[in-house]
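Next comes target_21.cif, a file with mmCIF, C-alpha atoms and all ligand atoms.
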data_run
loop_
_atom_site.label_atom_id
_atom_site.label_comp_id
_atom_site.auth_asym_id
_atom_site.auth_seq_id
_atom_site.Cartn_x
_atom_site.Cartn_y
_atom_site.Cartn_z
CA MET A 15 -25.52 -92.25 -5.95
CA VAL A 16 -25.10 -89.48 -8.51
CA LYS A 17 -26.17 -86.03 -7.59
CA LEU A 18 -27.64 -83.94 -10.37
CA ARG A 19 -28.51 -80.29 -10.18
CA ALA A 20 -30.97 -78.83 -12.62
CA LYS A 21 -31.82 -75.20 -12.94
CA CYS A 22 -35.49 -74.53 -13.42
CA VAL A 23 -36.86 -71.12 -14.31
CA LEU A 24 -40.47 -70.37 -13.49
CA ALA A 25 -42.03 -68.04 -16.00
CA GLY A 26 -45.44 -66.49 -16.49
CA ASP A 27 -47.36 -63.30 -15.93
CA SER A 28 -47.72 -61.72 -12.54
CA THR A 29 -50.34 -63.27 -10.15
CA VAL A 30 -50.80 -66.54 -12.07
CA GLY A 31 -49.55 -68.40 -8.98
CA LYS A 32 -45.88 -69.14 -9.65
CA SER A 33 -44.75 -68.52 -6.07
CA ALA A 34 -47.72 -70.43 -4.67
CA LEU A 35 -46.89 -73.39 -6.93
CA VAL A 36 -43.27 -73.58 -5.78
CA HIS A 37 -44.44 -73.37 -2.21
CA GLY A 38 -46.73 -76.35 -2.84
CA PHE A 39 -43.93 -78.36 -4.40
CA ARG A 40 -41.36 -77.68 -1.71
CA SER A 41 -43.61 -78.97 1.00
CA GLU A 42 -43.90 -82.37 -0.64
CA SER A 43 -41.18 -84.98 -0.63
CA ALA A 44 -39.57 -85.69 -3.95
CA HIS A 45 -37.99 -89.11 -4.24
CA PHE A 46 -38.52 -90.17 -7.77
CA LEU A 47 -35.29 -91.22 -9.42
CA LYS A 48 -33.57 -94.49 -8.73
CA ASN A 49 -29.82 -94.11 -8.16
CA TYR A 50 -29.99 -90.34 -8.43
CA THR A 51 -30.76 -87.50 -6.18
CA LEU A 52 -31.84 -84.54 -8.19
CA GLU A 53 -32.19 -81.06 -6.89
CA LEU A 54 -34.22 -78.60 -8.84
CA PHE A 55 -33.05 -75.06 -8.25
CA ILE A 56 -36.17 -73.12 -8.94
CA PHE A 57 -35.81 -69.50 -9.97
CA ASP A 58 -39.00 -67.65 -9.32
CA SER A 59 -39.00 -64.65 -11.66
CA SER A 60 -41.07 -61.58 -10.87
CA GLY A 61 -43.09 -61.60 -14.10
CA LYS A 62 -42.97 -57.83 -14.25
CA GLU A 63 -41.53 -56.26 -17.39
CA ILE A 64 -39.96 -53.51 -15.33
CA PHE A 65 -37.58 -56.05 -13.84
CA TYR A 66 -36.68 -57.45 -17.24
CA ASP A 67 -33.05 -56.32 -17.20
CA MET A 68 -32.51 -57.43 -13.65
CA VAL A 69 -33.81 -60.91 -14.19
CA GLU A 70 -31.99 -61.38 -17.48
CA SER A 71 -29.12 -63.14 -15.72
CA GLN A 72 -31.59 -65.59 -14.13
CA TRP A 73 -31.89 -67.31 -17.47
CA GLU A 74 -28.23 -68.31 -17.71
CA HIS A 75 -27.63 -72.06 -17.70
CA THR A 76 -31.33 -72.77 -17.65
CA ALA A 77 -32.05 -76.44 -18.27
CA THR A 78 -35.75 -76.55 -17.60
CA ILE A 79 -38.63 -74.11 -17.75
CA CYS A 80 -41.97 -74.19 -16.00
CA LEU A 81 -44.42 -71.91 -17.81
CA VAL A 82 -47.40 -70.98 -15.69
CA TYR A 83 -50.71 -69.32 -16.58
CA ASP A 84 -54.05 -68.82 -14.85
CA ILE A 85 -56.88 -70.88 -16.42
CA THR A 86 -59.37 -68.08 -15.63
CA ASN A 87 -57.33 -65.46 -17.49
CA GLU A 88 -56.83 -65.90 -21.23
CA ALA A 89 -54.26 -63.10 -21.48
CA THR A 90 -51.93 -65.02 -19.19
CA PHE A 91 -52.23 -68.03 -21.50
CA ASN A 92 -51.46 -65.90 -24.55
CA SER A 93 -48.35 -64.55 -22.82
CA CYS A 94 -46.87 -68.02 -22.55
CA ALA A 95 -45.64 -67.89 -26.15
CA LYS A 96 -43.68 -64.76 -25.29
CA TRP A 97 -42.22 -66.32 -22.14
CA LEU A 98 -41.17 -69.41 -24.04
CA GLU A 99 -39.58 -67.33 -26.77
CA ARG A 100 -37.61 -65.42 -24.15
CA ALA A 101 -36.43 -68.64 -22.55
CA ARG A 102 -35.32 -70.00 -25.91
CA THR A 103 -33.33 -66.88 -26.77
CA GLN A 104 -31.90 -66.39 -23.29
CA ALA A 105 -30.99 -70.02 -22.77
CA PRO A 106 -29.90 -71.22 -26.20
CA SER A 107 -27.99 -74.12 -24.65
CA SER A 108 -28.62 -77.31 -26.62
CA GLN A 109 -31.77 -78.56 -24.92
CA LEU A 110 -34.47 -76.97 -22.85
CA ALA A 111 -37.05 -79.20 -21.19
CA GLY A 112 -40.32 -77.54 -20.39
CA VAL A 113 -43.81 -77.89 -19.04
CA LEU A 114 -46.91 -75.72 -19.31
CA VAL A 115 -48.98 -75.39 -16.15
CA GLY A 116 -52.57 -74.15 -16.05
CA ASN A 117 -53.05 -73.10 -12.45
CA LYS A 118 -56.16 -72.23 -10.33
CA THR A 119 -58.29 -75.27 -11.24
CA ASP A 120 -60.25 -74.61 -8.04
CA LEU A 121 -61.77 -71.69 -10.01
CA ALA A 122 -62.90 -73.97 -12.85
CA CYS A 123 -66.32 -72.26 -12.93
CA ARG A 124 -64.49 -69.19 -14.27
CA ARG A 125 -62.35 -71.14 -16.73
CA ALA A 126 -61.38 -69.06 -19.79
CA VAL A 127 -58.96 -71.49 -21.48
CA GLU A 128 -60.09 -74.98 -22.44
CA TYR A 129 -57.94 -77.92 -21.36
CA THR A 130 -57.59 -79.23 -24.92
CA GLN A 131 -56.67 -75.80 -26.31
CA ALA A 132 -53.83 -75.48 -23.79
CA GLN A 133 -52.72 -79.07 -24.23
CA GLU A 134 -52.61 -78.75 -28.01
CA TRP A 135 -50.52 -75.59 -27.88
CA ALA A 136 -48.19 -77.20 -25.31
CA ALA A 137 -47.76 -80.28 -27.49
CA SER A 138 -46.99 -78.11 -30.52
CA GLN A 139 -44.16 -76.57 -28.50
CA GLY A 140 -42.87 -79.89 -27.15
CA LEU A 141 -44.11 -79.18 -23.63
CA GLU A 142 -45.99 -81.49 -21.33
CA TYR A 143 -49.24 -80.00 -19.99
CA PHE A 144 -50.47 -80.05 -16.38
CA GLU A 145 -53.28 -78.41 -14.49
CA THR A 146 -52.89 -77.54 -10.84
CA SER A 147 -54.43 -75.72 -7.94
CA ALA A 148 -51.72 -74.27 -5.77
CA LYS A 149 -54.43 -73.11 -3.41
CA GLU A 150 -55.80 -76.61 -2.86
CA MET A 151 -52.32 -78.20 -3.20
CA GLU A 152 -53.68 -80.18 -6.12
CA ASN A 153 -51.15 -81.79 -8.52
CA CYS A 154 -48.41 -79.21 -7.69
CA ASP A 155 -45.61 -81.77 -7.68
CA ALA A 156 -46.42 -83.33 -11.07
CA PRO A 157 -44.95 -80.60 -13.31
CA PHE A 158 -41.68 -80.54 -11.35
CA HIS A 159 -41.39 -84.32 -11.36
CA SER A 160 -41.88 -84.26 -15.11
CA LEU A 161 -39.13 -81.66 -15.49
CA ALA A 162 -36.81 -83.69 -13.30
CA ARG A 163 -37.46 -86.79 -15.40
CA ALA A 164 -36.88 -84.85 -18.62
CA PHE A 165 -33.65 -83.39 -17.25
CA HIS A 166 -32.49 -86.83 -16.17
CA HIS A 167 -33.25 -88.15 -19.65
CA MET A 168 -31.19 -85.35 -21.26
CA TYR A 169 -28.36 -86.14 -18.86
CA GLU A 170 -28.40 -89.85 -19.77
CA GLU A 171 -28.40 -88.97 -23.47
CA LYS A 172 -25.38 -86.73 -22.97
CA LEU A 173 -23.55 -89.51 -21.11
CA GLU A 174 -24.40 -91.92 -23.88
CA HIS A 175 -23.01 -89.50 -26.44
CA ILE A 176 -19.78 -89.04 -24.47
CA ARG A 177 -19.38 -92.82 -24.13
CA SER A 178 -19.82 -93.20 -27.86
CA ILE A 179 -16.96 -90.82 -28.70
CA VAL A 180 -14.33 -91.91 -26.15
P1 LIG B 201 -47.10 -65.03 -8.91
O1 LIG B 201 -47.11 -63.56 -9.10
O2 LIG B 201 -47.22 -65.74 -10.23
O3 LIG B 201 -45.94 -65.53 -8.11
O4 LIG B 201 -48.46 -65.41 -8.13
P2 LIG B 201 -48.64 -65.72 -6.57
O5 LIG B 201 -48.16 -67.08 -6.23
O6 LIG B 201 -48.12 -64.60 -5.78
O7 LIG B 201 -50.25 -65.75 -6.49
C1 LIG B 201 -51.02 -64.61 -6.86
C2 LIG B 201 -52.38 -64.70 -6.20
O8 LIG B 201 -53.11 -65.82 -6.70
C3 LIG B 201 -52.32 -64.87 -4.68
O9 LIG B 201 -53.37 -64.13 -4.10
C4 LIG B 201 -52.54 -66.36 -4.48
O10 LIG B 201 -53.13 -66.65 -3.25
C5 LIG B 201 -53.49 -66.67 -5.63
N1 LIG B 201 -53.36 -68.07 -6.10
C6 LIG B 201 -52.23 -68.73 -6.42
N2 LIG B 201 -52.51 -69.99 -6.81
C7 LIG B 201 -53.86 -70.11 -6.75
C8 LIG B 201 -54.77 -71.20 -7.03
O11 LIG B 201 -54.40 -72.31 -7.42
N3 LIG B 201 -56.10 -70.92 -6.86
C9 LIG B 201 -56.56 -69.71 -6.43
N4 LIG B 201 -57.87 -69.56 -6.28
N5 LIG B 201 -55.73 -68.70 -6.14
C10 LIG B 201 -54.40 -68.88 -6.30
MG MG B 202 -44.29 -64.59 -7.38
#
Here is a file; write its structure as structure tokens.
Amino acid sequence: MVKLRAKCVLAGDSTVGKSALVHGFRSESAHFLKNYTLELFIFDSSGKEIFYDMVESQWEHTATICLVYDITNEATFNSCAKWLERARTQAPSSQLAGVLVGNKTDLACRRAVEYTQAQEWAASQGLEYFETSAKEMENCDAPFHSLARAFHHMYEEKLEHIRSIV
């Protein structure tokens, strides 16, 4: 059994549901990788610019990023580009696996960002797209499982590379 630890930073504007999402994930069991146990250390950033300097160090050694926005609030979707840019500059380490999460699907009647619009932007940035409702505990584990799989894949590729040079 190999134990892997991946650091995951949660990013997104304030009130999009980052904390609620992590809460939903933690309460579900996560056995998904054969021969590995993988712990995701999730760093829940405040999302407030005022804390920018304080949270700067949170980005060190980041391997995965979970970008979250609120599907009823277009501004929070538009901010995702900025959050991703910050992650890429703060964590320039070789590879960064990421997902985009549109949260609050229980408020679909107030939807302001179309599924396809979000998915297309995510794909253009190399991110997998998920929609969740942290309130209804709907699909909350899927983005984190995807990140864990992506991290595992990067790890295997690194091992393969090391094997090829020794
Ligand atoms: P954060 O600032 O991104 O960490 O957001 P929070 O997790 O603190 O959530 C902000 C507010 O949105 C709280 O009042 C939550 O109850 C609410 N919230 C979070 N997720 C959902 C959701 O999926 N649906 C609805 N309707 N409300 C949500
Ligand atoms: Mg929070």
Could you list, as a JSON list (two decimals) with C-alpha atoms, in the coordinates of the input, all residues that come within 6 Å of ligand LIG 201 (chain B)? Count all atoms listed in the file.
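The file below, selection-v5.json, is the result:
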[["chain", "number", "residue", "atom", "x", "y", "z"],
["A", 28, "SER", "CA", -47.72, -61.72, -12.54],
["A", 29, "THR", "CA", -50.34, -63.27, -10.15],
["A", 30, "VAL", "CA", -50.80, -66.54, -12.07],
["A", 31, "GLY", "CA", -49.55, -68.40, -8.98],
["A", 32, "LYS", "CA", -45.88, -69.14, -9.65],
["A", 33, "SER", "CA", -44.75, -68.52, -6.07],
["A", 34, "ALA", "CA", -47.72, -70.43, -4.67],
["A", 117, "ASN", "CA", -53.05, -73.10, -12.45],
["A", 118, "LYS", "CA", -56.16, -72.23, -10.33],
["A", 120, "ASP", "CA", -60.25, -74.61, -8.04],
["A", 121, "LEU", "CA", -61.77, -71.69, -10.01],
["A", 147, "SER", "CA", -54.43, -75.72, -7.94],
["A", 148, "ALA", "CA", -51.72, -74.27, -5.77],
["A", 149, "LYS", "CA", -54.43, -73.11, -3.41]]
Exercise for review: Identify the residues within 12 Å of coordinate (-46.6, -83.7, -22.2) (same frame as the file), considering all atoms listed in the file, and give the answer as a PyMOL selection string.
Suggested key: chain A and resi 111-115+132-145+156-157+160-161+163-164
**Study point:** Within 12 Å of Ala122 of chain A using all atoms listed in the file, minus same-chain residues under 6 positions, as a PyMOL selection string
**Key:** chain A and resi 84-87+116+128-129+145-147
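For the pair atom CA of Gln131 of chain A and atom CA of Asn92 of chain A, the interatomic distance is 11.3 Å.
Atom CA of His37 of chain A is found 23.9 Å from atom CA of Ala89 of chain A.
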**Study point:** Atomic distance atom CA of Ala126 of chain A - atom CA of Thr103 of chain A, expressed in Å with one decimal
**Key:** 29.0 Å
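Distance check against ligand MG 202 (chain B) using all atoms listed in the file: of A:Ala25, A:Leu173, A:Cys80, A:Cys154, the minimum falls on A:Ala25.
Of the residues listed (A:Ile56, A:Phe91, A:Lys17, A:Ile79), A:Ile56 shows the shortest atom-to-atom separation from ligand MG 202 (chain B); distances use all atoms listed in the file.
Residue nearest ligand MG 202 (chain B) within the list A:Val82, A:Ile179, A:Ala95, A:Cys22: A:Val82 [criterion: smallest interatomic distance, only C-alpha atoms and all ligand atoms].
With only C-alpha atoms as the basis for measurement, A:Gly26 is the residue among A:Lys96, A:Val180, A:Gly38, A:Gly26 that approaches Tyr83 of chain A most closely.
Across A:Leu35, A:Ser93, A:Leu18, A:Glu170, the tightest approach to ligand MG 202 (chain B) is made by A:Leu35 when counting all atoms listed in the file.
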